[in-house]
Amino acid sequence: MSLAALASVAGSSPPVFDAHNHIHMSMPGRVPPFDARLLHNWEAENSAPALNESISKHARNVASFFSPTAESSSGAAEFDSNIVKGMALMSTQPRDFVAVDTVCNEFEHRRNGLLCGSIRGVRCYGVHPWFLHEAEADGAACVRNSDTNSFWWEQYLRQSLMNCPSACVGEIGLDSARYDPKTQKPHTPIERQIEAFELQMRIATELQRPVSIHAVQAWGPLLDTLNKKFGKKKGDKPPRIYFHAFGGKPAVVNQIDAACRGADEVIYGFAPIINFRSPKTADVIRKVGIDRLVLESDRENYIPVKNDLAENAKYIAEALEMDPAEVIEKTSENALRFYGIHD
């Protein structure tokens, strides 16, 4: 069932929020390698070099798809421009911070121009465990730093967050299941992943920003890090913590909630392309409950996002015996609260 179909059944168009995606990465080709000029410009002028035209064009295409103008909306088949209220764009490494910015800037341009269907994009900056090795390689190629144990991107991440007070830290986390097909070993050793995860959690705590966390076959190291490296009092951890595409068992929810004590809020999301094949997902959804759930697509390709969100709402509705429109309303409310959006 599509979002438009859900809206038809409900008699209205409930606004939906995609709490976690990577649609800035769906441009043709790959996000360009990190531009070392960004570091110098942030430090000297607080301005970035000229944007790669492919990123700018992609941003316009994405924004047009989700918030069509009066002239273009007739070409958006089966799409109600009021359905998608907003989305959080999760970076994966310093290479795509600019792409996240560019798409969100395009959304803001349309909002400021009062174009129909304008939506809000939440900037999220972080280094994902899958891409940590690429960030390390970029640093070796463009940064003069003799300390190989430090992370060259720390100041760039910190400055990006400080330049945007509403930005989130994400996507960060741990993953012991992602292997290099040539070596059959993790792209980045779990010990190095833990160092990067702890650093980014500390930055989020210091700046009091919400975080979005990825964890796959790494619950032991993740829980150890939260329990042993961070206190349990308010202010000892990021204020709000989101476990996206959650793949743990119901019992793990209790462990996470205990490990995250001190945070104001802990929420969970499930992505159709990842979680809905597992028979345990419905049980975990019931364990978490609607007050701590958000909808997410976790998509790079922006085209299937709206249908994934509809599928997500329908799945949660069946698990919790709710109406899909109620699920959309409540999860959107949760996402807006989590990201600190008040309009």
# chains A, B, ... in the order shown; residues from 1 in each chain; ligands from 1
>>> residues_around(residues="Ala177 in chain A", least_positions_apart="5", cutoff="8 Å", atoms="only C-alpha atoms", output="MDAnalysis selection string")
chainID A and resid 186 216:217
>>> residues_around(residues="range 133-138 of chain A", least_positions_apart="5", cutoff="7 Å", atoms="only C-alpha atoms", output="ChimeraX atom specification")
/A:34,93-94,187-188
>>> residues_around(residues="Lys314 in chain A", least_positions_apart="3", cutoff="12 Å", atoms="only C-alpha atoms", output="PyMOL selection string")
chain A and resi 1-3+5-6+272+276+282+295+307-311+317-328
>>> write_last_selection(atoms="N, CA and C atoms", output="compact mmCIF listing (two decimals), in the first residue's frame")
# COMPACT_ATOMS: atom_id res chain seq x y z
N MET A 1 0.85 -1.19 0.00
CA MET A 1 0.00 0.00 0.00
C MET A 1 0.89 1.24 0.00
N SER A 2 0.61 2.18 -0.88
CA SER A 2 1.40 3.41 -0.96
C SER A 2 0.92 4.42 0.07
N LEU A 3 1.70 5.47 0.28
CA LEU A 3 1.26 6.53 1.18
C LEU A 3 0.00 7.20 0.67
N ALA A 5 -2.34 5.77 -1.00
CA ALA A 5 -3.44 4.86 -0.70
C ALA A 5 -3.81 4.92 0.77
N LEU A 6 -2.80 4.99 1.64
CA LEU A 6 -3.08 5.13 3.07
C LEU A 6 -3.86 6.40 3.34
N PRO A 272 12.27 -1.45 6.32
CA PRO A 272 11.71 -2.58 5.58
C PRO A 272 12.74 -3.39 4.81
N PHE A 276 12.32 -6.43 7.99
CA PHE A 276 11.01 -7.06 7.92
C PHE A 276 11.03 -8.51 7.47
N ALA A 282 8.48 -8.11 14.73
CA ALA A 282 7.18 -7.72 15.29
C ALA A 282 7.21 -7.79 16.83
N LEU A 295 9.51 5.98 11.95
CA LEU A 295 9.58 5.34 10.64
C LEU A 295 10.89 5.71 9.98
N ASN A 307 7.09 4.65 -0.59
CA ASN A 307 6.45 3.34 -0.48
C ASN A 307 7.01 2.55 0.71
N ASP A 308 8.31 2.70 0.98
CA ASP A 308 8.89 2.02 2.14
C ASP A 308 8.29 2.55 3.43
N LEU A 309 8.07 3.85 3.50
CA LEU A 309 7.47 4.42 4.70
C LEU A 309 6.05 3.92 4.91
N ALA A 310 5.32 3.77 3.81
CA ALA A 310 3.96 3.23 3.90
C ALA A 310 3.98 1.78 4.37
N GLU A 311 4.92 0.99 3.82
CA GLU A 311 5.06 -0.40 4.24
C GLU A 311 5.44 -0.48 5.71
N ALA A 317 1.62 -1.07 12.31
CA ALA A 317 0.19 -1.06 12.65
C ALA A 317 -0.32 -2.48 12.92
N GLU A 318 0.10 -3.43 12.10
CA GLU A 318 -0.33 -4.82 12.30
C GLU A 318 0.26 -5.39 13.58
N ALA A 319 1.53 -5.07 13.86
CA ALA A 319 2.18 -5.59 15.07
C ALA A 319 1.53 -5.04 16.33
N LEU A 320 1.11 -3.78 16.29
CA LEU A 320 0.56 -3.11 17.48
C LEU A 320 -0.96 -3.02 17.45
N GLU A 321 -1.59 -3.57 16.40
CA GLU A 321 -3.04 -3.53 16.25
C GLU A 321 -3.55 -2.09 16.30
N MET A 322 -2.94 -1.27 15.45
CA MET A 322 -3.31 0.14 15.34
C MET A 322 -3.70 0.44 13.90
N ASP A 323 -4.28 1.60 13.70
CA ASP A 323 -4.55 2.08 12.35
C ASP A 323 -3.25 2.66 11.77
N PRO A 324 -2.92 2.37 10.50
CA PRO A 324 -1.69 2.91 9.91
C PRO A 324 -1.58 4.43 10.00
N ALA A 325 -2.70 5.13 9.84
CA ALA A 325 -2.66 6.59 9.93
C ALA A 325 -2.27 7.04 11.34
N GLU A 326 -2.72 6.30 12.36
CA GLU A 326 -2.32 6.62 13.72
C GLU A 326 -0.83 6.40 13.92
N VAL A 327 -0.32 5.34 13.32
CA VAL A 327 1.11 5.04 13.40
C VAL A 327 1.92 6.17 12.77
N ILE A 328 1.50 6.63 11.60
CA ILE A 328 2.20 7.72 10.93
C ILE A 328 2.18 8.98 11.79
>>> select_by_dssp(residues="range 52-257 of chain A", states="helix (DSSP H, G or I)", output="PyMOL selection string")
chain A and resi 53-66+73-75+94-112+129-142+154-163+190-207+219-229+250-257
>>> closest_residue(among="A:Glu329, A:Asp224, A:Glu106, A:Asp236", to="Ala63 in chain A", atoms="only C-alpha atoms")
A:Glu106
>>> closest_residue(among="A:Lys233, A:His24, A:Arg240, A:Lys306", to="Thr102 in chain A", atoms="only C-alpha atoms")
A:His24
>>> closest_residue(among="A:Arg261, A:Glu154, A:Tyr242, A:Ala251", to="Asn334 in chain A", atoms="only C-alpha atoms")
A:Tyr242
>>> residues_around(residues="Pro250 in chain A", least_positions_apart="6", cutoff="10 Å", atoms="only C-alpha atoms", output="PyMOL selection string")
chain A and resi 280-288
>>> write_last_selection(atoms="all heavy atoms", output="CSV table (one decimal), in the first residue's frame")
chain,number,residue,atom,x,y,z
A,280,LYS,N,11.5,-12.0,14.3
A,280,LYS,CA,11.5,-11.4,15.7
A,280,LYS,C,11.1,-9.9,15.6
A,280,LYS,O,10.8,-9.3,16.7
A,280,LYS,CB,12.9,-11.5,16.3
A,280,LYS,CG,14.0,-10.7,15.6
A,280,LYS,CD,15.3,-11.0,16.1
A,280,LYS,CE,16.4,-10.2,15.4
A,280,LYS,NZ,17.8,-10.5,15.7
A,281,THR,N,11.1,-9.3,14.4
A,281,THR,CA,10.9,-7.8,14.4
A,281,THR,C,9.6,-7.4,15.0
A,281,THR,O,9.5,-6.4,15.8
A,281,THR,CB,11.0,-7.3,12.9
A,281,THR,OG1,12.3,-7.6,12.4
A,281,THR,CG2,10.7,-5.8,12.8
A,282,ALA,N,8.5,-8.1,14.7
A,282,ALA,CA,7.2,-7.7,15.3
A,282,ALA,C,7.2,-7.8,16.8
A,282,ALA,O,6.6,-6.9,17.5
A,282,ALA,CB,6.1,-8.6,14.7
A,283,ASP,N,7.9,-8.8,17.4
A,283,ASP,CA,8.0,-8.9,18.8
A,283,ASP,C,8.8,-7.7,19.4
A,283,ASP,O,8.4,-7.2,20.5
A,283,ASP,CB,8.7,-10.2,19.2
A,283,ASP,CG,7.8,-11.4,19.0
A,283,ASP,OD1,6.6,-11.3,19.0
A,283,ASP,OD2,8.3,-12.5,18.8
A,284,VAL,N,9.8,-7.3,18.7
A,284,VAL,CA,10.7,-6.2,19.2
A,284,VAL,C,9.8,-4.9,19.2
A,284,VAL,O,9.9,-4.1,20.1
A,284,VAL,CB,12.0,-6.1,18.4
A,284,VAL,CG1,12.8,-4.9,18.9
A,284,VAL,CG2,12.8,-7.3,18.5
A,285,ILE,N,9.1,-4.7,18.1
A,285,ILE,CA,8.2,-3.6,18.0
A,285,ILE,C,7.2,-3.5,19.1
A,285,ILE,O,7.0,-2.4,19.7
A,285,ILE,CB,7.5,-3.6,16.6
A,285,ILE,CG1,8.4,-3.2,15.5
A,285,ILE,CG2,6.3,-2.6,16.6
A,285,ILE,CD1,7.9,-3.4,14.1
A,286,ARG,N,6.7,-4.6,19.5
A,286,ARG,CA,5.7,-4.7,20.6
A,286,ARG,C,6.5,-4.4,21.9
A,286,ARG,O,5.9,-3.7,22.8
A,286,ARG,CB,5.0,-6.0,20.7
A,286,ARG,CG,3.9,-6.2,19.6
A,286,ARG,CD,3.1,-7.4,19.8
A,286,ARG,NE,3.8,-8.6,19.3
A,286,ARG,CZ,3.8,-9.1,18.1
A,286,ARG,NH1,3.0,-8.5,17.2
A,286,ARG,NH2,4.4,-10.2,17.7
A,287,LYS,N,7.7,-4.8,22.0
A,287,LYS,CA,8.5,-4.6,23.2
A,287,LYS,C,8.8,-3.1,23.4
A,287,LYS,O,8.6,-2.5,24.5
A,287,LYS,CB,9.8,-5.3,23.1
A,287,LYS,CG,10.8,-5.0,24.2
A,287,LYS,CD,10.4,-5.5,25.6
A,287,LYS,CE,11.5,-5.2,26.6
A,287,LYS,NZ,11.1,-5.7,28.0
A,288,VAL,N,9.1,-2.4,22.3
A,288,VAL,CA,9.5,-1.0,22.3
A,288,VAL,C,8.2,-0.1,22.5
A,288,VAL,O,8.2,0.8,23.4
A,288,VAL,CB,10.2,-0.6,21.0
A,288,VAL,CG1,10.4,0.9,20.9
A,288,VAL,CG2,11.5,-1.3,20.9
>>> atom_distance(atom1="CA of Arg192 in chain A", atom2="CA of Pro221 in chain A")
11.7 Å
>>> select_by_dssp(residues="range 176-313 of chain A", states="strand (DSSP E)", output="VMD selection string")
chain A and resid 211 to 216 240 to 243 265 to 270 293 to 295
>>> write_last_selection(atoms="all heavy atoms", output="compact mmCIF listing (two decimals), in the first residue's frame")
# COMPACT_ATOMS: atom_id res chain seq x y z
N VAL A 211 21.96 11.41 18.56
CA VAL A 211 22.79 10.52 17.74
C VAL A 211 21.94 9.41 17.14
O VAL A 211 20.96 8.98 17.73
CB VAL A 211 23.95 9.88 18.54
CG1 VAL A 211 24.91 10.93 19.06
CG2 VAL A 211 23.43 9.04 19.70
N SER A 212 22.35 8.97 15.94
CA SER A 212 21.74 7.81 15.31
C SER A 212 22.81 6.72 15.21
O SER A 212 23.88 6.94 14.66
CB SER A 212 21.22 8.16 13.91
OG SER A 212 20.60 7.02 13.32
N ILE A 213 22.48 5.54 15.77
CA ILE A 213 23.47 4.47 15.94
C ILE A 213 23.13 3.25 15.11
O ILE A 213 22.00 2.78 15.08
CB ILE A 213 23.59 4.09 17.43
CG1 ILE A 213 24.13 5.27 18.23
CG2 ILE A 213 24.46 2.86 17.62
CD1 ILE A 213 24.22 5.02 19.73
N HIS A 214 24.17 2.72 14.47
CA HIS A 214 24.13 1.48 13.69
C HIS A 214 24.88 0.42 14.50
O HIS A 214 25.99 0.67 14.96
CB HIS A 214 24.84 1.73 12.35
CG HIS A 214 25.20 0.50 11.57
ND1 HIS A 214 24.58 0.17 10.38
CD2 HIS A 214 26.16 -0.45 11.77
CE1 HIS A 214 25.13 -0.93 9.90
NE2 HIS A 214 26.09 -1.32 10.72
N ALA A 215 24.27 -0.75 14.69
CA ALA A 215 24.96 -1.83 15.39
C ALA A 215 24.57 -3.17 14.76
O ALA A 215 23.39 -3.51 14.70
CB ALA A 215 24.60 -1.83 16.88
N VAL A 216 25.57 -3.90 14.28
CA VAL A 216 25.34 -5.22 13.69
C VAL A 216 26.40 -6.17 14.23
O VAL A 216 27.61 -5.92 14.09
CB VAL A 216 25.42 -5.17 12.15
CG1 VAL A 216 25.28 -6.58 11.57
CG2 VAL A 216 24.34 -4.27 11.58
N ARG A 240 19.66 12.47 23.30
CA ARG A 240 18.69 11.58 22.67
C ARG A 240 19.44 10.58 21.78
O ARG A 240 20.33 10.98 21.02
CB ARG A 240 17.67 12.38 21.86
CG ARG A 240 16.88 13.36 22.74
CD ARG A 240 15.83 14.14 21.99
NE ARG A 240 16.35 15.04 20.99
CZ ARG A 240 16.91 16.22 21.25
NH1 ARG A 240 17.05 16.64 22.49
NH2 ARG A 240 17.34 17.00 20.27
N ILE A 241 19.07 9.32 21.88
CA ILE A 241 19.80 8.25 21.20
C ILE A 241 18.81 7.40 20.40
O ILE A 241 17.77 6.97 20.92
CB ILE A 241 20.56 7.37 22.21
CG1 ILE A 241 21.55 8.23 23.01
CG2 ILE A 241 21.30 6.24 21.50
CD1 ILE A 241 22.25 7.48 24.14
N TYR A 242 19.16 7.16 19.16
CA TYR A 242 18.29 6.44 18.21
C TYR A 242 19.03 5.22 17.68
O TYR A 242 20.11 5.35 17.10
CB TYR A 242 17.92 7.42 17.10
CG TYR A 242 17.27 6.91 15.85
CD1 TYR A 242 16.59 5.70 15.78
CD2 TYR A 242 17.31 7.69 14.68
CE1 TYR A 242 15.99 5.28 14.61
CE2 TYR A 242 16.71 7.28 13.51
CZ TYR A 242 16.04 6.08 13.47
OH TYR A 242 15.46 5.67 12.30
N PHE A 243 18.46 4.03 17.89
CA PHE A 243 19.02 2.81 17.32
C PHE A 243 18.23 2.49 16.06
O PHE A 243 17.09 2.08 16.12
CB PHE A 243 18.95 1.67 18.34
CG PHE A 243 19.94 1.85 19.46
CD1 PHE A 243 19.61 2.57 20.60
CD2 PHE A 243 21.22 1.32 19.35
CE1 PHE A 243 20.53 2.77 21.61
CE2 PHE A 243 22.15 1.51 20.37
CZ PHE A 243 21.80 2.23 21.49
N GLU A 265 16.13 10.40 26.14
CA GLU A 265 15.22 9.59 25.33
C GLU A 265 16.01 8.58 24.51
O GLU A 265 17.10 8.88 24.01
CB GLU A 265 14.42 10.50 24.39
CG GLU A 265 13.42 9.78 23.53
CD GLU A 265 12.53 10.73 22.71
OE1 GLU A 265 12.99 11.86 22.44
OE2 GLU A 265 11.42 10.33 22.36
N VAL A 266 15.47 7.37 24.39
CA VAL A 266 16.04 6.33 23.53
C VAL A 266 14.92 5.84 22.63
O VAL A 266 13.86 5.42 23.13
CB VAL A 266 16.61 5.15 24.35
CG1 VAL A 266 17.21 4.10 23.41
CG2 VAL A 266 17.65 5.63 25.34
N ILE A 267 15.13 5.92 21.32
CA ILE A 267 14.10 5.50 20.37
C ILE A 267 14.67 4.44 19.42
O ILE A 267 15.89 4.24 19.35
CB ILE A 267 13.53 6.68 19.55
CG1 ILE A 267 14.61 7.29 18.65
CG2 ILE A 267 12.94 7.73 20.49
CD1 ILE A 267 14.06 8.29 17.66
N TYR A 268 13.76 3.80 18.68
CA TYR A 268 14.14 2.71 17.80
C TYR A 268 13.43 2.85 16.45
O TYR A 268 12.31 3.36 16.39
CB TYR A 268 13.76 1.36 18.41
CG TYR A 268 14.46 1.05 19.72
CD1 TYR A 268 14.01 1.61 20.92
CD2 TYR A 268 15.59 0.23 19.76
CE1 TYR A 268 14.65 1.34 22.12
CE2 TYR A 268 16.23 -0.05 20.96
CZ TYR A 268 15.76 0.51 22.13
OH TYR A 268 16.40 0.25 23.32
N GLY A 269 14.11 2.39 15.41
CA GLY A 269 13.52 2.36 14.08
C GLY A 269 13.81 1.04 13.40
O GLY A 269 14.79 0.35 13.74
N PHE A 270 12.97 0.70 12.42
CA PHE A 270 13.12 -0.55 11.67
C PHE A 270 12.95 -0.24 10.19
O PHE A 270 12.00 0.45 9.80
CB PHE A 270 12.06 -1.57 12.12
CG PHE A 270 12.13 -1.87 13.59
CD1 PHE A 270 11.45 -1.08 14.51
CD2 PHE A 270 12.89 -2.92 14.06
CE1 PHE A 270 11.52 -1.32 15.87
CE2 PHE A 270 12.98 -3.18 15.42
CZ PHE A 270 12.29 -2.39 16.33
N LEU A 293 8.92 4.70 18.83
CA LEU A 293 9.18 4.23 17.47
C LEU A 293 9.16 5.38 16.48
O LEU A 293 8.40 6.34 16.64
CB LEU A 293 8.13 3.20 17.05
CG LEU A 293 8.19 1.82 17.70
CD1 LEU A 293 6.95 1.01 17.32
CD2 LEU A 293 9.46 1.07 17.28
N VAL A 294 10.01 5.27 15.45
CA VAL A 294 9.96 6.19 14.32
C VAL A 294 9.97 5.37 13.03
O VAL A 294 10.37 4.20 13.04
CB VAL A 294 11.16 7.17 14.31
CG1 VAL A 294 11.05 8.16 15.46
CG2 VAL A 294 12.49 6.43 14.36
N LEU A 295 9.51 5.98 11.95
CA LEU A 295 9.58 5.34 10.64
C LEU A 295 10.89 5.71 9.98
O LEU A 295 11.37 6.84 10.11
CB LEU A 295 8.42 5.80 9.76
CG LEU A 295 7.00 5.53 10.24
CD1 LEU A 295 5.99 5.98 9.18
CD2 LEU A 295 6.80 4.05 10.58
>>> closest_residue(among="A:Asp298, A:Gln255, A:Ile194, A:Ser54", to="Met90 in chain A", atoms="only C-alpha atoms")
A:Asp298
>>> closest_residue(among="A:Val122, A:Gly139, A:Asn149, A:Leu223", to="Asn105 in chain A", atoms="only C-alpha atoms")
A:Val122
>>> atom_distance(atom1="CA of Ala313 in chain A", atom2="CA of Pro15 in chain A")
11.8 Å
